[in-house]
$ cat upload28.csv   # CSV, C-alpha atoms
chain,number,residue,atom,x,y,z
A,1,MET,CA,101.4,33.2,85.0
A,2,ILE,CA,102.2,29.5,85.6
A,3,GLU,CA,105.0,29.4,83.0
A,4,GLY,CA,106.5,32.6,84.2
A,5,LYS,CA,106.8,34.1,80.8
A,6,TYR,CA,105.4,37.5,82.0
A,7,SER,CA,106.2,39.5,85.1
A,8,LEU,CA,105.8,42.9,86.6
A,9,TYR,CA,108.1,45.5,85.1
A,10,LYS,CA,110.9,46.3,87.6
A,11,ALA,CA,113.9,47.1,85.4
A,12,GLY,CA,114.7,50.2,87.4
A,13,TRP,CA,112.9,49.4,90.6
A,14,LYS,CA,114.8,49.7,93.9
A,15,ALA,CA,113.6,48.9,97.4
A,16,ASP,CA,113.1,51.9,99.7
A,17,ASP,CA,113.9,54.3,96.8
A,18,LYS,CA,110.9,56.4,96.0
A,19,GLN,CA,112.6,58.2,93.1
A,20,ALA,CA,113.7,54.9,91.5
A,21,GLN,CA,110.2,53.4,92.0
A,22,TYR,CA,108.5,56.5,90.4
A,23,GLN,CA,110.9,56.4,87.5
A,24,ASN,CA,110.5,52.7,87.0
A,25,TYR,CA,106.7,53.0,86.9
A,26,THR,CA,107.0,55.9,84.4
A,27,ASP,CA,109.4,54.0,82.2
A,28,MET,CA,107.2,50.9,82.1
A,29,TYR,CA,104.9,52.5,79.5
A,30,PHE,CA,107.8,53.2,77.1
A,31,ASP,CA,110.0,50.1,77.3
A,32,LYS,CA,109.0,47.9,74.3
A,33,SER,CA,110.9,45.0,75.9
A,34,SER,CA,108.8,45.1,79.0
A,35,PRO,CA,108.0,41.6,80.4
A,36,GLU,CA,104.6,43.0,81.6
A,37,ASN,CA,103.1,43.7,78.2
A,38,LEU,CA,100.7,41.0,77.0
A,39,PHE,CA,98.7,42.8,74.3
A,40,VAL,CA,99.5,46.2,72.9
A,41,ARG,CA,98.7,48.5,70.1
A,42,GLU,CA,101.9,49.8,68.5
A,43,TYR,CA,102.3,53.1,66.8
A,44,GLN,CA,105.2,54.4,64.6
A,45,TYR,CA,105.7,57.9,63.4
A,46,PRO,CA,104.8,59.0,60.8
A,47,VAL,CA,102.8,56.0,59.6
A,48,SER,CA,100.6,55.4,62.6
A,49,VAL,CA,100.3,58.2,65.2
A,50,HIS,CA,98.0,59.6,67.8
A,51,GLY,CA,97.6,62.9,69.8
A,52,TYR,CA,97.7,61.8,73.4
A,53,ASP,CA,100.5,64.2,74.4
A,54,SER,CA,98.9,67.1,72.8
A,55,TYR,CA,95.5,66.4,74.5
A,56,CYS,CA,96.9,65.8,77.9
A,57,ILE,CA,99.9,68.2,78.2
A,58,PRO,CA,99.8,70.8,81.0
A,59,TYR,CA,98.6,74.2,79.8
A,60,GLN,CA,102.0,75.9,79.9
A,61,PHE,CA,103.4,73.5,77.3
A,62,MET,CA,100.6,74.0,74.8
A,63,VAL,CA,101.8,74.5,71.2
A,64,GLN,CA,98.9,73.8,68.8
A,65,GLY,CA,95.8,74.9,70.8
A,66,TYR,CA,95.3,71.6,72.6
A,67,THR,CA,96.0,71.0,76.3
A,68,SER,CA,95.0,68.9,79.2
A,69,SER,CA,91.3,68.7,80.2
A,70,VAL,CA,92.1,65.4,82.1
A,71,ASN,CA,92.1,66.5,85.7
A,72,PRO,CA,92.4,63.8,88.4
A,73,THR,CA,90.2,64.6,91.3
A,74,LEU,CA,91.2,64.9,94.9
A,75,ASP,CA,88.9,61.9,95.6
A,76,PHE,CA,91.2,59.8,93.3
A,77,VAL,CA,94.4,61.2,94.8
A,78,GLU,CA,93.2,60.3,98.3
A,79,MET,CA,93.2,56.6,97.3
A,80,PHE,CA,97.0,56.5,97.5
A,81,ASP,CA,99.4,56.1,100.4
A,82,GLY,CA,101.9,58.6,101.8
A,83,LEU,CA,99.7,61.8,102.0
A,84,PRO,CA,98.7,63.5,105.3
A,85,LYS,CA,95.2,62.3,106.0
A,86,ASN,CA,92.4,62.4,108.5
A,87,ALA,CA,91.1,59.3,110.2
A,88,ASP,CA,88.4,59.0,107.5
A,89,GLY,CA,91.0,58.9,104.8
A,90,THR,CA,90.4,62.4,103.5
A,91,ILE,CA,93.3,64.8,103.0
A,92,ASN,CA,94.5,66.8,105.9
A,93,VAL,CA,95.7,70.4,105.2
A,94,TYR,CA,95.2,71.9,108.6
A,95,ASP,CA,97.1,72.0,111.9
A,96,GLU,CA,95.7,71.3,115.3
A,97,ASN,CA,94.2,74.8,115.5
A,98,GLY,CA,92.3,74.5,112.2
A,99,LYS,CA,94.8,76.7,110.4
A,100,TYR,CA,96.3,75.9,107.0
A,101,LEU,CA,99.6,74.0,107.1
A,102,LEU,CA,102.4,76.0,105.4
A,103,PHE,CA,105.1,74.6,103.2
A,104,ASP,CA,108.3,76.0,101.7
A,105,SER,CA,107.4,74.5,98.3
A,106,GLN,CA,104.3,72.9,96.8
A,107,MET,CA,106.1,69.6,96.4
A,108,ASP,CA,106.9,69.4,100.2
A,109,PHE,CA,103.3,68.4,100.7
A,110,PHE,CA,103.7,65.4,98.4
A,111,ALA,CA,107.2,64.4,99.7
A,112,ASN,CA,106.1,61.0,101.0
A,113,ALA,CA,103.4,60.3,98.4
A,114,GLU,CA,103.3,56.8,96.9
A,115,PRO,CA,105.6,56.8,93.8
A,116,ARG,CA,102.8,55.3,91.7
A,117,LEU,CA,100.7,58.3,92.3
A,118,ARG,CA,103.4,60.7,91.1
A,119,ALA,CA,103.8,58.6,88.0
A,120,ASN,CA,100.0,58.8,87.4
A,121,VAL,CA,99.5,62.5,88.3
A,122,ILE,CA,101.4,65.7,87.9
A,123,PHE,CA,101.5,67.5,91.2
A,124,PRO,CA,101.5,71.3,91.4
A,125,GLY,CA,105.1,72.4,91.4
A,126,ASP,CA,106.4,69.1,90.1
A,127,ASP,CA,109.0,68.8,87.3
A,128,PHE,CA,108.0,67.9,83.8
A,129,LYS,CA,110.3,68.1,80.8
A,130,GLY,CA,112.8,70.0,82.9
A,131,ASN,CA,110.2,72.7,83.9
A,132,GLU,CA,108.3,73.4,87.1
A,133,VAL,CA,104.6,72.9,86.4
A,134,GLU,CA,102.9,76.0,87.6
A,135,ILE,CA,99.6,75.1,89.1
A,136,TRP,CA,98.0,77.3,91.8
A,137,ARG,CA,94.7,78.9,92.4
A,138,GLY,CA,95.7,82.3,93.8
A,139,ILE,CA,97.9,84.5,96.0
A,140,TYR,CA,96.9,85.1,99.6
A,141,THR,CA,97.7,88.7,100.4
A,142,GLY,CA,96.4,88.9,103.9
A,143,SER,CA,98.1,88.7,107.3
A,144,VAL,CA,99.6,85.4,108.4
A,145,ASP,CA,99.9,86.3,112.1
A,146,GLY,CA,98.2,83.6,114.1
A,147,GLY,CA,97.8,81.4,111.0
A,148,ILE,CA,95.5,81.4,108.0
A,149,SER,CA,91.9,80.4,108.5
A,150,ARG,CA,89.7,78.6,106.0
A,151,LEU,CA,89.1,80.7,102.9
A,152,ILE,CA,85.5,79.4,102.6
A,153,PRO,CA,83.3,77.6,105.1
A,154,GLU,CA,83.8,73.8,105.2
A,155,GLY,CA,81.7,71.8,102.8
A,156,THR,CA,80.5,74.9,100.8
A,157,ARG,CA,80.8,75.3,97.0
A,158,ASP,CA,81.2,79.1,97.0
A,159,THR,CA,83.8,80.7,94.7
A,160,TYR,CA,86.7,82.4,96.3
A,161,GLU,CA,85.8,85.6,94.7
A,162,ASN,CA,82.5,85.6,96.5
A,163,SER,CA,83.9,84.6,99.9
A,164,SER,CA,84.8,86.8,102.8
A,165,ALA,CA,88.4,86.2,101.8
A,166,ALA,CA,88.0,87.9,98.4
A,167,SER,CA,89.6,91.1,99.7
A,168,VAL,CA,92.9,89.3,100.5
A,169,LEU,CA,93.0,86.9,97.5
A,170,VAL,CA,94.3,87.5,94.0
A,171,THR,CA,92.8,85.1,91.5
A,172,SER,CA,92.6,84.8,87.8
A,173,ALA,CA,89.6,84.1,85.5
A,174,ASN,CA,91.6,83.3,82.4
A,175,ASP,CA,95.2,83.0,81.1
A,176,ASP,CA,95.4,86.7,80.3
A,177,GLN,CA,96.9,87.3,83.8
A,178,THR,CA,98.0,90.5,85.3
A,179,PRO,CA,101.2,89.8,87.3
A,180,HIS,CA,101.0,90.6,91.0
A,181,THR,CA,103.9,92.3,92.8
A,182,LEU,CA,105.0,90.4,95.8
A,183,PRO,CA,106.4,92.1,99.0
A,184,ASP,CA,109.9,91.4,97.8
A,185,GLY,CA,109.3,93.2,94.5
A,186,GLN,CA,109.1,90.0,92.4
A,187,LEU,CA,106.2,89.5,90.0
A,188,MET,CA,104.0,86.4,90.2
A,189,ASN,CA,101.1,85.3,88.0
A,190,PRO,CA,97.9,84.8,90.1
A,191,ALA,CA,97.4,81.3,88.8
A,192,GLY,CA,100.7,80.1,87.3
A,193,ARG,CA,101.1,79.1,83.7
A,194,SER,CA,99.0,76.0,84.0
A,195,GLY,CA,96.0,77.2,86.0
A,196,HIS,CA,93.6,77.3,87.7
A,197,PHE,CA,91.9,79.6,85.2
A,198,TYR,CA,88.2,79.7,86.2
A,199,ASP,CA,86.8,80.5,82.7
A,200,LYS,CA,89.0,78.0,80.9
A,201,ARG,CA,88.2,74.3,80.4
A,202,ALA,CA,91.7,73.1,79.5
A,203,HIS,CA,93.5,73.8,82.7
A,204,ALA,CA,94.3,72.2,86.1
A,205,LEU,CA,90.7,72.5,87.3
A,206,THR,CA,91.2,70.1,90.2
A,207,GLY,CA,94.8,71.2,91.0
A,208,PHE,CA,96.3,68.2,89.2
A,209,THR,CA,96.8,67.0,85.6
A,210,VAL,CA,97.6,63.5,84.3
A,211,ARG,CA,101.1,62.3,83.8
A,212,LYS,CA,100.6,58.6,82.9
A,213,TRP,CA,101.6,57.9,79.3
A,214,LEU,CA,102.9,61.4,78.6
A,215,ASN,CA,106.2,61.1,76.8
A,216,PRO,CA,108.7,62.9,79.0
A,217,ASN,CA,111.4,62.9,76.3
A,218,MET,CA,109.2,64.5,73.6
A,219,ALA,CA,110.4,68.0,73.0
A,220,ALA,CA,107.8,70.5,74.1
A,221,ALA,CA,107.8,72.2,70.7
A,222,ASP,CA,106.8,68.8,69.1
A,223,VAL,CA,103.8,68.2,71.3
A,224,ARG,CA,101.2,68.6,68.5
A,225,GLU,CA,98.3,66.6,67.3
A,226,ASN,CA,99.2,63.4,65.4
A,227,GLN,CA,102.9,63.5,66.5
A,228,SER,CA,102.8,60.9,69.3
A,229,ASP,CA,103.6,57.3,68.7
A,230,GLN,CA,104.0,55.7,72.2
A,231,THR,CA,102.5,52.2,72.5
A,232,TRP,CA,99.1,51.8,74.0
A,233,ILE,CA,99.0,48.8,76.3
A,234,GLU,CA,95.7,47.0,76.2
A,235,LEU,CA,96.6,44.3,78.7
A,236,ARG,CA,99.5,43.9,81.0
A,237,TYR,CA,100.5,41.4,83.7
A,238,ALA,CA,99.4,43.7,86.5
A,239,GLU,CA,95.8,43.3,85.4
A,240,ILE,CA,96.2,39.5,85.4
A,241,LEU,CA,97.3,39.7,89.0
A,242,LEU,CA,94.3,42.0,89.8
A,243,ASN,CA,91.9,39.7,88.0
A,244,ARG,CA,93.2,36.7,90.0
A,245,ALA,CA,93.0,38.6,93.3
A,246,GLU,CA,89.4,39.6,92.6
A,247,ALA,CA,88.3,36.2,91.5
A,248,ALA,CA,90.0,34.5,94.5
A,249,TYR,CA,88.3,36.8,96.9
A,250,GLU,CA,84.9,36.5,95.3
A,251,LEU,CA,85.3,32.7,95.6
A,252,HIS,CA,86.1,33.2,99.3
A,253,LEU,CA,83.0,35.4,99.7
A,254,SER,CA,80.9,32.7,98.0
A,255,GLY,CA,81.9,30.2,100.7
A,256,LYS,CA,84.3,28.1,98.6
A,257,ASN,CA,86.9,26.6,100.9
A,258,ASP,CA,88.8,24.2,98.7
A,259,ALA,CA,91.8,26.6,98.6
A,260,ASP,CA,93.2,29.5,100.6
A,261,TYR,CA,91.7,32.1,98.3
A,262,VAL,CA,92.3,35.0,100.7
A,263,SER,CA,96.1,34.2,100.8
A,264,ASP,CA,96.2,33.9,97.1
A,265,ALA,CA,94.5,37.4,96.7
A,266,TYR,CA,96.8,38.8,99.3
A,267,ASN,CA,99.9,37.7,97.5
A,268,CYS,CA,98.7,39.1,94.2
A,269,ILE,CA,97.8,42.5,95.7
A,270,ASN,CA,101.1,42.8,97.6
A,271,GLN,CA,103.1,42.2,94.4
A,272,ILE,CA,101.2,45.1,92.9
A,273,ARG,CA,101.7,47.3,95.9
A,274,GLU,CA,105.4,46.5,96.3
A,275,ARG,CA,106.2,47.6,92.7
A,276,ALA,CA,104.0,50.7,93.2
A,277,GLY,CA,106.0,51.8,96.3
A,278,ALA,CA,102.8,51.5,98.4
A,279,ASP,CA,102.5,50.2,102.0
A,280,LEU,CA,102.3,46.4,101.9
A,281,LEU,CA,99.3,44.6,103.5
A,282,THR,CA,100.6,43.2,106.8
A,283,ASP,CA,99.1,39.8,106.4
A,284,ALA,CA,96.3,37.9,104.6
A,285,GLY,CA,93.9,38.8,107.5
A,286,SER,CA,94.3,42.5,106.6
A,287,LEU,CA,92.6,41.7,103.3
A,288,ASN,CA,89.1,41.7,104.8
A,289,ASP,CA,87.1,43.7,102.3
A,290,ILE,CA,86.6,43.3,98.5
A,291,ASP,CA,86.9,47.1,98.3
A,292,ILE,CA,90.6,46.8,99.1
A,293,ILE,CA,91.1,44.9,95.8
A,294,ARG,CA,88.8,47.1,93.9
A,295,THR,CA,90.6,50.3,95.1
A,296,GLU,CA,93.9,48.7,94.1
A,297,ARG,CA,92.6,48.0,90.7
A,298,ARG,CA,91.4,51.6,90.3
A,299,LYS,CA,94.8,52.9,91.3
A,300,GLU,CA,96.9,50.5,89.2
A,301,LEU,CA,94.8,50.8,86.0
A,302,ALA,CA,93.9,54.5,86.3
A,303,PHE,CA,93.6,56.3,82.9
A,304,GLU,CA,93.7,53.0,81.1
A,305,ASN,CA,90.1,52.9,80.0
A,306,GLN,CA,89.1,50.4,82.8
A,307,THR,CA,87.3,52.3,85.6
A,308,TRP,CA,84.0,52.9,83.7
A,309,TRP,CA,83.6,49.3,82.9
A,310,ASP,CA,84.7,48.1,86.3
A,311,LEU,CA,82.2,50.3,88.1
A,312,ARG,CA,79.5,49.0,85.9
A,313,ARG,CA,80.6,45.4,86.3
A,314,TRP,CA,80.6,45.8,90.1
A,315,ARG,CA,77.2,47.6,89.8
A,316,ILE,CA,78.3,50.5,91.9
A,317,MET,CA,78.5,53.2,89.3
A,318,ASP,CA,75.3,54.8,90.6
A,319,GLN,CA,76.8,54.9,94.1
A,320,GLU,CA,80.0,56.5,92.7
A,321,GLN,CA,78.4,59.2,90.6
A,322,ASN,CA,74.7,59.9,91.4
A,323,SER,CA,74.3,63.5,92.5
A,324,ARG,CA,78.0,63.8,93.2
A,325,THR,CA,80.3,66.8,93.1
A,326,TYR,CA,84.0,65.8,93.1
A,327,ARG,CA,86.5,67.4,95.4
A,328,VAL,CA,89.6,69.4,94.3
A,329,LEU,CA,92.8,70.5,96.0
A,330,HIS,CA,93.9,74.1,95.3
A,331,SER,CA,97.3,75.6,96.3
A,332,PHE,CA,97.9,79.2,97.3
A,333,TYR,CA,101.0,81.3,97.8
A,334,ALA,CA,100.9,83.2,101.1
A,335,GLU,CA,103.0,86.2,100.1
A,336,ASN,CA,103.5,87.5,103.6
A,337,ALA,CA,104.9,84.2,104.8
A,338,GLY,CA,106.7,83.2,101.6
A,339,LYS,CA,105.1,79.8,101.8
A,340,TRP,CA,102.4,77.6,100.3
A,341,PHE,CA,99.2,76.1,101.6
A,342,PHE,CA,96.5,73.9,100.2
A,343,ASP,CA,92.7,74.2,100.3
A,344,ASP,CA,90.5,71.1,99.9
A,345,ARG,CA,87.0,71.8,98.7
A,346,TYR,CA,84.3,70.8,96.3
A,347,ASP,CA,84.7,71.8,92.7
A,348,GLU,CA,83.5,75.4,92.6
A,349,ARG,CA,81.7,75.0,89.3
A,350,ASN,CA,79.1,73.0,91.3
A,351,GLY,CA,78.9,70.4,88.6
A,352,TYR,CA,77.0,67.2,89.5
A,353,PHE,CA,77.5,63.8,87.9
A,354,THR,CA,74.8,61.2,87.5
A,355,PHE,CA,74.4,57.7,86.3
A,356,ASP,CA,71.1,56.4,84.8
A,357,LEU,CA,70.4,52.9,86.2
A,358,ARG,CA,69.2,51.7,82.9
A,359,TRP,CA,72.8,52.1,81.6
A,360,TYR,CA,73.6,48.9,83.4
A,361,TYR,CA,71.7,47.2,80.6
A,362,ALA,CA,71.6,47.4,76.8
A,363,GLU,CA,68.5,48.0,74.8
A,364,ILE,CA,67.1,44.9,73.0
A,365,LYS,CA,66.3,45.9,69.5
A,366,GLY,CA,62.6,46.0,68.6
A,367,GLU,CA,62.9,43.5,65.8
A,368,TYR,CA,64.0,40.9,68.3
A,369,ILE,CA,61.3,41.8,70.8
A,370,ASN,CA,58.7,41.5,68.0
A,371,SER,CA,60.0,38.2,66.8
A,372,ASN,CA,60.1,36.5,70.2
A,373,PRO,CA,57.2,36.9,72.7
A,374,ASN,CA,59.4,35.6,75.5
A,375,LEU,CA,61.8,38.5,75.3
A,376,VAL,CA,61.1,41.4,77.7
A,377,GLN,CA,62.6,44.8,77.1
A,378,ASN,CA,65.1,46.0,79.6
A,379,GLN,CA,63.7,48.6,82.0
A,380,GLY,CA,63.9,52.2,80.7
A,381,TYR,CA,64.0,51.4,77.0
$ encode --input "upload28.csv" --output "structure tokens"
Amino acid sequence: MIEGKYSLYKAGWKADDKQAQYQNYTDMYFDKSSPENLFVREYQYPVSVHGYDSYCIPYQFMVQGYTSSVNPTLDFVEMFDGLPKNADGTINVYDENGKYLLFDSQMDFFANAEPRLRANVIFPGDDFKGNEVEIWRGIYTGSVDGGISRLIPEGTRDTYENSSAASVLVTSANDDQTPHTLPDGQLMNPAGRSGHFYDKRAHALTGFTVRKWLNPNMAAADVRENQSDQTWIELRYAEILLNRAEAAYELHLSGKNDADYVSDAYNCINQIRERAGADLLTDAGSLNDIDIIRTERRKELAFENQTWWDLRRWRIMDQEQNSRTYRVLHSFYAENAGKWFFDDRYDERNGYFTFDLRWYYAEIKGEYINSNPNLVQNQGY
């Protein structure tokens, strides 16, 4: 950092150009000359390979029986800038009358999304390998006069099939879909080629699939197990900036005043946010909470095997997961309007996630306990 040997990857980055910023962030993981890479694990086909593309590809591109079961939640997506949100930071999909907002295309909803988000996550209706990724939950066949009301009561976990809207909703339980005839005579699959398929695990369960690290130039027919060879980046310069920001702010919180630690953290975070195409922090004073830095870390290092360890290190994993059901964002096609709308809701499988507090610690082996009377076993073991 002091010598300037490493820097954030900005080979294709352009100010005020979301497309260029998105492409730059995507290309970063495939450019072996990147000045951001500090420690990487290289692969080379056919000697050293992996199956990341096969395991994370959207369902419609499946070749060998593997497909994405990595589904970013709406809770994760809401961390990013550029989406229509309520005052509490949750997604806003309703107009002033509580009716669903309608869009000409699915991607219109994400038009202003932070480029880094699009580089991390495949949106419904987005382009991948020259194809539109078909992700939707169903076709709304009811009247659109006066707007479309909520399909299920707010905050509930009911399935659409069991809701009062079931009579005006065409859904799909699996990928063996029966095409639905639209008013203009065209045929449309109830859930698109990539989901949501309620009885399938490998589909867009949350309304999103992961994009980060997927090779956009790998021919769809080649997306098979043990065919991928893109480099895995273990450590990059962005993490160094995040580490420095976190350490500086923690020093500030501990009362250290021998340096302007808040300004140091602020400068590090804004470097990350600028490259990401996110809104910059206005000044050092706006960095008034450690959670701003933690959230930035979760966004920047998403899907890089960091979050689990960070949440444990911060000792907030139990707050994050205990008795929690994550939220999803489902898109629907309103056939009588020829437009799309989005429904934010809890995962309808009603799955809860938990974290056992003893997992903050490791078990001390019995042989060590027996040999040293001063050792006390960690709680729960």
$ residues_around --input "upload28.csv" --residues "A:Thr73" --least-positions-apart "6" --cutoff "12 Å" --atoms "only C-alpha atoms" --output "ChimeraX atom specification"
/A:79,121-123,204-210,302,325-330,344-347
$ residues_near_point --input "upload28.csv" --point "(97.0, 80.9, 112.6)" --cutoff "8 Å" --atoms "all atoms listed in the file" --output "compact mmCIF listing (two decimals) with C-alpha atoms, keeping the file's coordinate frame"
# COMPACT_ATOMS: atom_id res chain seq x y z
CA ASN A 97 94.20 74.80 115.50
CA GLY A 98 92.30 74.50 112.20
CA LYS A 99 94.80 76.70 110.40
CA TYR A 100 96.30 75.90 107.00
CA VAL A 144 99.60 85.40 108.40
CA ASP A 145 99.90 86.30 112.10
CA GLY A 146 98.20 83.60 114.10
CA GLY A 147 97.80 81.40 111.00
CA ILE A 148 95.50 81.40 108.00
CA SER A 149 91.90 80.40 108.50
$ atom_distance --input "upload28.csv" --atom1 "atom CA of A:Lys18" --atom2 "atom CA of A:Gly277"
6.7 Å
$ atom_distance --input "upload28.csv" --atom1 "atom CA of A:Tyr266" --atom2 "atom CA of A:Asp291"
13.0 Å
$ residues_near_point --input "upload28.csv" --point "(101.3, 48.3, 68.3)" --cutoff "8 Å" --atoms "only C-alpha atoms" --output "PyMOL selection string"
chain A and resi 40-43+231-232
$ residues_around --input "upload28.csv" --residues "A:Met1" --least-positions-apart "5" --cutoff "10 Å" --atoms "all atoms listed in the file" --output "number ranges by chain"
A: 6-7, 237, 240-241
$ closest_residue --input "upload28.csv" --among "A:Ser33, A:Asp104, A:Arg275, A:Phe39" --to "A:Ala15" --atoms "all atoms listed in the file"
A:Arg275
$ build_atoms --input "upload28.csv" --residues "stretch 353-361 of chain A" --atoms "all heavy atoms" --output "mmCIF file, in the frame of the given file"
data_model
loop_
_atom_site.group_PDB
_atom_site.id
_atom_site.type_symbol
_atom_site.label_atom_id
_atom_site.label_comp_id
_atom_site.auth_asym_id
_atom_site.auth_seq_id
_atom_site.Cartn_x
_atom_site.Cartn_y
_atom_site.Cartn_z
ATOM 1 N N PHE A 353 77.447 64.948 88.825
ATOM 2 C CA PHE A 353 77.500 63.800 87.900
ATOM 3 C C PHE A 353 76.429 62.822 88.287
ATOM 4 O O PHE A 353 76.110 62.629 89.458
ATOM 5 C CB PHE A 353 78.896 63.129 88.041
ATOM 6 C CG PHE A 353 80.025 63.969 87.515
ATOM 7 C CD1 PHE A 353 80.615 64.956 88.302
ATOM 8 C CD2 PHE A 353 80.494 63.793 86.225
ATOM 9 C CE1 PHE A 353 81.645 65.739 87.817
ATOM 10 C CE2 PHE A 353 81.521 64.569 85.724
ATOM 11 C CZ PHE A 353 82.103 65.547 86.523
ATOM 12 N N THR A 354 75.853 62.210 87.264
ATOM 13 C CA THR A 354 74.800 61.200 87.500
ATOM 14 C C THR A 354 74.994 60.018 86.633
ATOM 15 O O THR A 354 75.722 60.054 85.641
ATOM 16 C CB THR A 354 73.394 61.849 87.177
ATOM 17 O OG1 THR A 354 73.373 62.258 85.802
ATOM 18 C CG2 THR A 354 73.095 63.042 88.071
ATOM 19 N N PHE A 355 74.346 58.928 87.027
ATOM 20 C CA PHE A 355 74.400 57.700 86.300
ATOM 21 C C PHE A 355 72.983 57.114 86.220
ATOM 22 O O PHE A 355 72.380 56.844 87.272
ATOM 23 C CB PHE A 355 75.353 56.686 86.901
ATOM 24 C CG PHE A 355 75.435 55.372 86.171
ATOM 25 C CD1 PHE A 355 76.250 55.228 85.056
ATOM 26 C CD2 PHE A 355 74.700 54.285 86.603
ATOM 27 C CE1 PHE A 355 76.327 54.013 84.376
ATOM 28 C CE2 PHE A 355 74.772 53.069 85.936
ATOM 29 C CZ PHE A 355 75.588 52.939 84.823
ATOM 30 N N ASP A 356 72.437 56.957 85.030
ATOM 31 C CA ASP A 356 71.100 56.400 84.800
ATOM 32 C C ASP A 356 71.170 54.891 85.050
ATOM 33 O O ASP A 356 71.964 54.196 84.397
ATOM 34 C CB ASP A 356 70.608 56.721 83.436
ATOM 35 C CG ASP A 356 69.126 56.452 83.257
ATOM 36 O OD1 ASP A 356 68.636 55.466 83.838
ATOM 37 O OD2 ASP A 356 68.469 57.225 82.538
ATOM 38 N N LEU A 357 70.353 54.347 85.931
ATOM 39 C CA LEU A 357 70.400 52.900 86.200
ATOM 40 C C LEU A 357 70.180 52.035 85.024
ATOM 41 O O LEU A 357 70.671 50.896 84.982
ATOM 42 C CB LEU A 357 69.371 52.584 87.326
ATOM 43 C CG LEU A 357 69.638 53.180 88.712
ATOM 44 C CD1 LEU A 357 68.498 52.816 89.658
ATOM 45 C CD2 LEU A 357 70.957 52.678 89.264
ATOM 46 N N ARG A 358 69.465 52.532 84.042
ATOM 47 C CA ARG A 358 69.200 51.700 82.900
ATOM 48 C C ARG A 358 70.517 51.470 82.073
ATOM 49 O O ARG A 358 70.587 50.567 81.236
ATOM 50 C CB ARG A 358 68.179 52.346 81.962
ATOM 51 C CG ARG A 358 68.602 53.648 81.318
ATOM 52 C CD ARG A 358 67.530 54.187 80.386
ATOM 53 N NE ARG A 358 67.897 55.487 79.844
ATOM 54 C CZ ARG A 358 67.209 56.100 78.889
ATOM 55 N NH1 ARG A 358 66.134 55.523 78.375
ATOM 56 N NH2 ARG A 358 67.590 57.282 78.450
ATOM 57 N N TRP A 359 71.550 52.268 82.339
ATOM 58 C CA TRP A 359 72.800 52.100 81.600
ATOM 59 C C TRP A 359 73.549 50.829 82.046
ATOM 60 O O TRP A 359 74.559 50.480 81.430
ATOM 61 C CB TRP A 359 73.692 53.324 81.817
ATOM 62 C CG TRP A 359 73.125 54.564 81.188
ATOM 63 C CD1 TRP A 359 72.162 54.625 80.227
ATOM 64 C CD2 TRP A 359 73.482 55.908 81.484
ATOM 65 N NE1 TRP A 359 71.877 55.933 79.900
ATOM 66 C CE2 TRP A 359 72.685 56.754 80.656
ATOM 67 C CE3 TRP A 359 74.385 56.503 82.343
ATOM 68 C CZ2 TRP A 359 72.778 58.124 80.686
ATOM 69 C CZ3 TRP A 359 74.489 57.886 82.375
ATOM 70 C CH2 TRP A 359 73.689 58.685 81.558
ATOM 71 N N TYR A 360 73.072 50.178 83.083
ATOM 72 C CA TYR A 360 73.600 48.900 83.400
ATOM 73 C C TYR A 360 73.258 47.822 82.378
ATOM 74 O O TYR A 360 73.846 46.751 82.328
ATOM 75 C CB TYR A 360 73.123 48.409 84.793
ATOM 76 C CG TYR A 360 73.801 49.063 85.977
ATOM 77 C CD1 TYR A 360 73.055 49.707 86.964
ATOM 78 C CD2 TYR A 360 75.182 49.024 86.124
ATOM 79 C CE1 TYR A 360 73.663 50.292 88.061
ATOM 80 C CE2 TYR A 360 75.805 49.610 87.218
ATOM 81 C CZ TYR A 360 75.042 50.239 88.182
ATOM 82 O OH TYR A 360 75.654 50.821 89.274
ATOM 83 N N TYR A 361 72.259 48.133 81.574
ATOM 84 C CA TYR A 361 71.700 47.200 80.600
ATOM 85 C C TYR A 361 71.839 47.772 79.192
ATOM 86 O O TYR A 361 72.022 48.968 79.012
ATOM 87 C CB TYR A 361 70.278 46.842 80.900
ATOM 88 C CG TYR A 361 70.026 46.412 82.329
ATOM 89 C CD1 TYR A 361 69.631 47.349 83.294
ATOM 90 C CD2 TYR A 361 70.193 45.086 82.700
ATOM 91 C CE1 TYR A 361 69.410 46.957 84.602
ATOM 92 C CE2 TYR A 361 69.971 44.687 84.009
ATOM 93 C CZ TYR A 361 69.586 45.627 84.960
ATOM 94 O OH TYR A 361 69.375 45.228 86.254
#
